[in-house]
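Pasted below: structure-v2.csv, CSV, C-alpha atoms.
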```
chain,number,residue,atom,x,y,z
A,255,LYS,CA,110.8,42.7,-8.3
A,256,LYS,CA,109.7,46.2,-9.2
A,257,GLU,CA,110.0,48.8,-6.5
A,258,PRO,CA,108.2,51.9,-7.7
A,259,TRP,CA,109.4,54.0,-4.8
A,260,LYS,CA,112.9,53.8,-6.4
A,261,GLU,CA,111.7,55.9,-9.3
A,262,PRO,CA,114.0,58.9,-9.9
A,263,LEU,CA,113.4,62.0,-7.8
A,264,PRO,CA,114.5,65.6,-8.6
A,265,GLU,CA,118.2,66.1,-8.0
A,266,GLY,CA,119.2,66.0,-4.4
A,267,LEU,CA,115.7,65.1,-3.1
A,268,TYR,CA,114.9,62.1,-0.9
A,269,ILE,CA,111.4,62.9,0.3
A,270,LYS,CA,109.0,65.2,-1.6
A,271,PRO,CA,107.3,68.1,0.2
A,272,TYR,CA,104.5,67.3,2.5
A,273,LEU,CA,102.2,69.4,4.8
A,274,GLN,CA,101.9,69.4,8.6
A,275,ASN,CA,100.1,71.2,11.4
A,276,VAL,CA,97.6,73.4,9.6
A,277,THR,CA,95.8,76.1,11.5
A,278,GLN,CA,93.6,79.0,10.4
A,279,HIS,CA,96.7,81.2,10.1
A,280,SER,CA,99.7,78.9,9.5
A,281,ILE,CA,101.0,75.7,8.0
A,282,VAL,CA,104.3,73.7,8.0
A,283,VAL,CA,105.9,72.5,4.8
A,284,MET,CA,108.5,69.7,5.2
A,285,TRP,CA,110.7,67.7,2.9
A,286,GLU,CA,114.1,65.8,3.0
A,287,THR,CA,117.2,66.4,0.9
A,288,LYS,CA,120.1,64.0,0.6
A,289,THR,CA,122.6,66.6,1.8
A,290,PRO,CA,122.3,69.6,4.1
A,291,VAL,CA,121.2,72.7,2.3
A,292,VAL,CA,119.1,75.9,3.1
A,293,GLY,CA,115.5,75.5,2.0
A,294,HIS,CA,112.9,78.1,0.8
A,295,VAL,CA,109.2,78.0,0.3
A,296,ASP,CA,107.7,80.6,-2.1
A,297,TYR,CA,103.9,81.1,-1.5
A,298,GLY,CA,101.0,83.3,-2.5
A,299,LEU,CA,97.5,83.5,-3.8
A,300,ASN,CA,98.6,82.5,-7.3
A,301,ARG,CA,101.7,81.1,-9.0
A,302,SER,CA,103.3,84.5,-9.0
A,303,PHE,CA,103.8,83.7,-5.3
A,304,GLY,CA,105.2,87.0,-4.0
A,305,ASN,CA,106.2,85.7,-0.5
A,306,THR,CA,109.1,83.5,0.7
A,307,ALA,CA,109.8,81.7,4.0
A,308,SER,CA,113.4,80.5,4.4
A,309,GLU,CA,115.5,78.5,6.7
A,310,THR,CA,118.5,80.1,8.4
A,311,THR,CA,120.8,77.1,8.5
A,312,PRO,CA,121.3,74.1,6.2
A,313,ALA,CA,119.4,70.9,7.0
A,314,THR,CA,118.4,67.6,5.4
A,315,ILE,CA,115.0,67.3,7.0
A,316,HIS,CA,113.4,70.7,6.2
A,317,GLU,CA,110.6,72.2,8.4
A,318,ILE,CA,109.4,75.7,7.4
A,319,GLU,CA,106.4,77.3,9.0
A,320,ILE,CA,104.4,79.8,6.9
A,321,ALA,CA,102.5,82.2,9.2
A,322,ASP,CA,100.2,85.2,8.9
A,323,LEU,CA,97.8,83.5,6.5
A,324,ASP,CA,94.1,84.0,6.1
A,325,PRO,CA,91.6,81.3,7.2
A,326,GLY,CA,89.9,79.1,4.6
A,327,THR,CA,92.2,80.3,1.8
A,328,THR,CA,94.0,78.3,-0.9
A,329,TYR,CA,97.6,79.2,-1.4
A,330,HIS,CA,100.0,78.2,-4.1
A,331,TYR,CA,103.5,77.2,-3.0
A,332,ARG,CA,106.8,75.8,-4.3
A,333,VAL,CA,109.9,74.5,-2.6
A,334,ARG,CA,113.5,75.6,-3.5
A,335,TYR,CA,116.9,74.5,-2.3
A,336,GLY,CA,120.3,74.8,-3.9
A,337,ASP,CA,119.8,75.1,-7.6
A,338,ALA,CA,116.6,73.1,-7.5
A,339,THR,CA,113.0,74.4,-7.8
A,340,LEU,CA,110.3,71.8,-7.3
A,341,GLU,CA,106.9,71.6,-8.9
A,342,ALA,CA,104.4,73.9,-7.4
A,343,SER,CA,101.4,72.7,-5.3
A,344,THR,CA,98.6,74.1,-3.1
A,345,PHE,CA,97.5,74.1,0.5
A,346,LYS,CA,94.4,75.4,2.2
A,347,THR,CA,94.3,76.9,5.7
A,348,ALA,CA,91.7,75.8,8.3
A,349,PRO,CA,88.3,77.4,7.7
A,350,PRO,CA,87.2,80.5,9.7
A,351,ASP,CA,85.1,80.2,12.8
A,352,GLY,CA,81.5,79.3,12.0
A,353,VAL,CA,82.3,76.9,9.2
A,354,ARG,CA,80.9,73.5,10.2
A,355,ASN,CA,81.5,71.3,7.2
A,356,CYS,CA,84.8,69.6,6.3
A,357,ARG,CA,85.9,66.2,5.0
A,358,ILE,CA,88.3,64.2,7.2
A,359,ILE,CA,89.9,60.9,6.2
A,360,VAL,CA,90.9,58.6,9.1
A,361,TYR,CA,93.1,55.5,8.4
A,362,GLY,CA,96.0,53.6,9.9
A,363,ASP,CA,98.1,50.5,10.1
A,364,ALA,CA,99.4,51.3,6.6
A,365,ARG,CA,102.8,49.7,7.1
A,366,SER,CA,104.6,46.9,5.2
A,367,ASP,CA,102.7,47.0,1.9
A,368,PRO,CA,103.5,50.2,0.0
A,369,LYS,CA,101.7,49.2,-3.2
A,370,THR,CA,98.4,48.6,-1.4
A,371,HIS,CA,98.9,51.7,0.6
A,372,ARG,CA,99.4,53.7,-2.6
A,373,LYS,CA,96.2,52.3,-4.0
A,374,ASN,CA,94.3,53.4,-0.9
A,375,VAL,CA,95.8,56.9,-1.2
A,376,GLU,CA,94.7,57.1,-4.8
A,377,GLN,CA,91.1,56.5,-3.6
A,378,MET,CA,91.6,59.1,-0.9
A,379,LEU,CA,92.7,61.7,-3.4
A,380,LYS,CA,89.4,61.3,-5.3
A,381,LEU,CA,87.5,62.3,-2.2
A,382,ASN,CA,89.2,65.7,-2.0
A,383,PRO,CA,89.7,65.7,1.8
A,384,ASP,CA,90.6,68.7,3.9
A,385,LEU,CA,92.5,66.7,6.5
A,386,ILE,CA,94.0,63.2,7.1
A,387,LEU,CA,94.3,61.6,10.6
A,388,HIS,CA,96.6,58.6,10.7
A,389,THR,CA,96.0,56.2,13.6
A,390,GLY,CA,99.6,54.8,13.8
A,391,ASP,CA,101.7,51.9,12.6
A,392,ILE,CA,103.0,54.1,9.9
A,393,VAL,CA,106.0,51.8,9.2
A,394,ALA,CA,106.8,48.3,10.3
A,395,SER,CA,109.8,49.4,12.4
A,396,GLY,CA,110.1,53.1,13.4
A,397,ASN,CA,113.7,52.8,14.3
A,398,THR,CA,114.6,51.6,10.8
A,399,TYR,CA,115.3,54.8,8.9
A,400,GLU,CA,115.2,53.0,5.5
A,401,GLN,CA,111.5,52.1,5.9
A,402,TRP,CA,110.1,55.6,6.2
A,403,GLN,CA,110.5,56.6,2.6
A,404,PRO,CA,109.1,53.5,0.8
A,405,GLN,CA,106.5,52.5,3.4
A,406,HIS,CA,105.1,55.9,4.2
A,407,PHE,CA,106.3,58.9,2.1
A,408,TRP,CA,106.3,57.2,-1.3
A,409,PRO,CA,102.6,56.0,-1.0
A,410,VAL,CA,101.3,59.3,0.4
A,411,GLN,CA,103.3,61.7,-1.8
A,412,ILE,CA,100.5,62.1,-4.3
A,413,ILE,CA,98.3,63.7,-1.6
A,414,SER,CA,100.6,64.8,1.2
A,415,ASP,CA,101.7,67.9,-0.7
A,416,LYS,CA,98.1,69.1,-0.8
A,417,VAL,CA,96.4,67.7,2.3
A,418,PRO,CA,97.9,68.0,5.9
A,419,MET,CA,98.3,64.8,7.9
A,420,PHE,CA,98.2,64.5,11.7
A,421,PRO,CA,99.5,61.1,12.8
A,422,THR,CA,99.5,59.4,16.2
A,423,LEU,CA,102.1,56.9,17.5
A,424,GLY,CA,101.5,53.2,16.9
A,425,ASN,CA,103.5,50.5,18.7
A,426,HIS,CA,105.4,49.9,15.4
A,427,GLU,CA,106.8,53.5,15.5
A,428,GLN,CA,108.7,52.4,18.6
A,429,ASN,CA,108.7,56.0,19.9
A,430,SER,CA,111.5,56.5,17.3
A,431,THR,CA,113.4,59.8,16.8
A,432,HIS,CA,112.7,59.3,13.1
A,433,HIS,CA,109.0,59.8,13.8
A,434,PHE,CA,109.6,63.1,15.7
A,435,ASN,CA,112.1,64.3,13.1
A,436,TYR,CA,109.6,63.7,10.3
A,437,MET,CA,106.6,65.2,12.0
A,438,SER,CA,105.7,68.7,13.0
A,439,LEU,CA,102.7,68.5,15.3
A,440,PRO,CA,101.0,70.6,18.0
A,441,GLY,CA,102.1,70.5,21.7
A,442,ASN,CA,104.5,67.8,22.7
A,443,GLU,CA,103.8,65.9,19.4
A,444,VAL,CA,103.0,62.7,21.5
A,445,TYR,CA,99.5,63.7,22.7
A,446,TYR,CA,98.0,66.9,21.5
A,447,SER,CA,94.8,68.6,20.3
A,448,PHE,CA,93.7,71.1,17.7
A,449,ASP,CA,90.6,72.6,16.2
A,450,TYR,CA,89.3,72.3,12.6
A,451,ALA,CA,85.9,73.5,11.3
A,452,GLY,CA,84.1,73.4,14.6
A,453,VAL,CA,85.7,70.0,15.6
A,454,HIS,CA,88.0,69.6,18.5
A,455,ILE,CA,90.4,66.8,17.7
A,456,ILE,CA,92.4,65.0,20.3
A,457,CYS,CA,95.4,62.7,19.6
A,458,LEU,CA,96.5,60.3,22.3
A,459,ASP,CA,99.3,57.8,22.7
A,460,SER,CA,97.9,54.5,23.7
A,461,ASN,CA,101.3,52.8,24.0
A,462,ALA,CA,101.4,52.6,27.8
A,463,GLY,CA,105.0,51.4,27.7
A,464,SER,CA,106.3,54.6,26.3
A,465,THR,CA,103.5,57.1,27.5
A,466,PRO,CA,101.5,55.9,30.5
A,467,TYR,CA,97.9,57.0,30.6
A,468,GLN,CA,96.7,55.7,34.0
A,469,ALA,CA,95.1,58.2,36.4
A,470,GLY,CA,97.6,60.7,37.7
A,471,THR,CA,100.0,60.4,34.8
A,472,PRO,CA,100.9,63.5,32.7
A,473,GLN,CA,98.9,62.3,29.7
A,474,TYR,CA,95.8,61.6,31.8
A,475,GLU,CA,96.0,65.0,33.5
A,476,TRP,CA,96.5,66.8,30.2
A,477,LEU,CA,93.5,65.0,28.7
A,478,ILE,CA,91.3,66.1,31.7
A,479,LYS,CA,92.4,69.7,31.3
A,480,ASP,CA,91.9,69.7,27.6
A,481,LEU,CA,88.4,68.2,27.8
A,482,GLU,CA,87.4,70.8,30.4
A,483,ALA,CA,88.8,73.7,28.4
A,484,ASN,CA,87.0,72.6,25.3
A,485,GLN,CA,83.7,71.2,26.7
A,486,ASN,CA,81.7,73.6,24.6
A,487,ALA,CA,83.1,72.2,21.3
A,488,GLU,CA,80.3,71.1,19.0
A,489,TRP,CA,82.1,67.9,18.1
A,490,THR,CA,85.0,66.2,19.9
A,491,PHE,CA,87.0,63.5,18.0
A,492,VAL,CA,89.6,61.3,19.8
A,493,TYR,CA,92.0,59.1,17.9
A,494,PHE,CA,94.8,56.8,19.1
```

Give the structure from the file, written as structure tokens.
Amino acid sequence: KKEPWKEPLPEGLYIKPYLQNVTQHSIVVMWETKTPVVGHVDYGLNRSFGNTASETTPATIHEIEIADLDPGTTYHYRVRYGDATLEASTFKTAPPDGVRNCRIIVYGDARSDPKTHRKNVEQMLKLNPDLILHTGDIVASGNTYEQWQPQHFWPVQIISDKVPMFPTLGNHEQNSTHHFNYMSLPGNEVYYSFDYAGVHIICLDSNAGSTPYQAGTPQYEWLIKDLEANQNAEWTFVYF
């Protein structure tokens, strides 16, 4: 049985670079290596780069924030670690205030069938989205480390190096530490909100067993305060 996610990766690499937590002035680049090593991200307005953000200690799951960026700007970047320099890609920061148009893809329950997941991502890539929201059930069993690479990162790797993804927890994630290790999200990373092109986007955790949402609970109270603070938003999207 052919398993395309077992195709060779660059030396020492386990998960290719992917983008998280984009804002008007920052973005997070993540990837995973097989052994601990110090990682670097070169970036700039062209492939001369000119700037570098680096880790201070060796890691396997790398999480580097690039800050002081300009809104609505496309940057070129490449990842380096050890003797390896990976293929360059691009990211775009969130648009400046006043920009009202953007393209957001929403999908979820992508677990268990990597080949079909990959076909869906190939169609997403054709749409040139600005942002992807994932509504959870990323893998079949969040506590099973070996599922994250084939069920999620292999299918999305053709788009996740160019388009930031904001996931929410599904019940299949099992509130796993792997989910939180692999994601770099706003706030407490369980329920959070952010703004993009005039849209106020709210992510909730609807798994009451791990994060209660009844009146008076922390998630409920946070949501009330967030809605009150952003009641003038032109659009409000909520996903869970």

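Shortest atom-to-atom contact with Ala348 in chain A among A:Val291, A:Met284, A:Ala451, A:Ala394: A:Ala451, counting all atoms listed in the file.
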
Could the residues of range 380-481 of chain A that have an atom at most 12 Å from range 304-316 of chain A be listed as CSV, each with its closest atom pair and the distance in Å to one decimal, counting all atoms listed in the file and ordered by chain and ascending residue number?
```
residue,atom,partner,partner_atom,distance
A:His432,CA,A:Ile315,CA,10.3
A:His433,CA,A:Ile315,CA,11.8
A:Phe434,CA,A:Ile315,CA,11.1
A:Asn435,CA,A:Ile315,CA,7.4
A:Tyr436,CA,A:Ile315,CA,7.3
A:Met437,CA,A:Ile315,CA,10.0
A:Ser438,CA,A:His316,CA,10.5
```

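Nearest residue to Trp285 in chain A among A:Leu458, A:Val453, A:Leu267, A:Leu299 is A:Leu267, counting only C-alpha atoms.
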
For Trp408 in chain A, the closest of A:Leu423, A:Leu387, A:Val375, A:Ala338 counting only C-alpha atoms is A:Val375

Grab the CA of Ile478 in chain A to CA of Gly424 in chain A distance for me, in Å with one decimal place.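 Distance between the two atoms: 22.1 Å.
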
For Val353 in chain A, which of A:Ile281, A:Ser464, A:Gly298, A:Gly452 is the closest residue, counting all atoms listed in the file?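 Using all atoms listed in the file, Val353 in chain A sits closest to A:Gly452.
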
Please determine, counting only C-alpha atoms, which residue among A:Gln405, A:Thr398, A:Pro271, A:Arg365 has the shortest atom-to-atom distance to Ala342 in chain A.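 Closest to Ala342 in chain A of all the choices is A:Pro271.
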
From A:Thr490, A:Thr347, A:Asn461, A:Gln377, residue lying nearest Gln428 in chain A [only C-alpha atoms]: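 Checking each of A:Thr490, A:Thr347, A:Asn461, A:Gln377 against Gln428 in chain A, counting only C-alpha atoms, the winner is A:Asn461.
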
If I take CA of Gly352 in chain A and CA of Arg301 in chain A, how far is one from the other in Å, to one decimal?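 Separating CA of Gly352 in chain A from CA of Arg301 in chain A is a distance of 29.2 Å.
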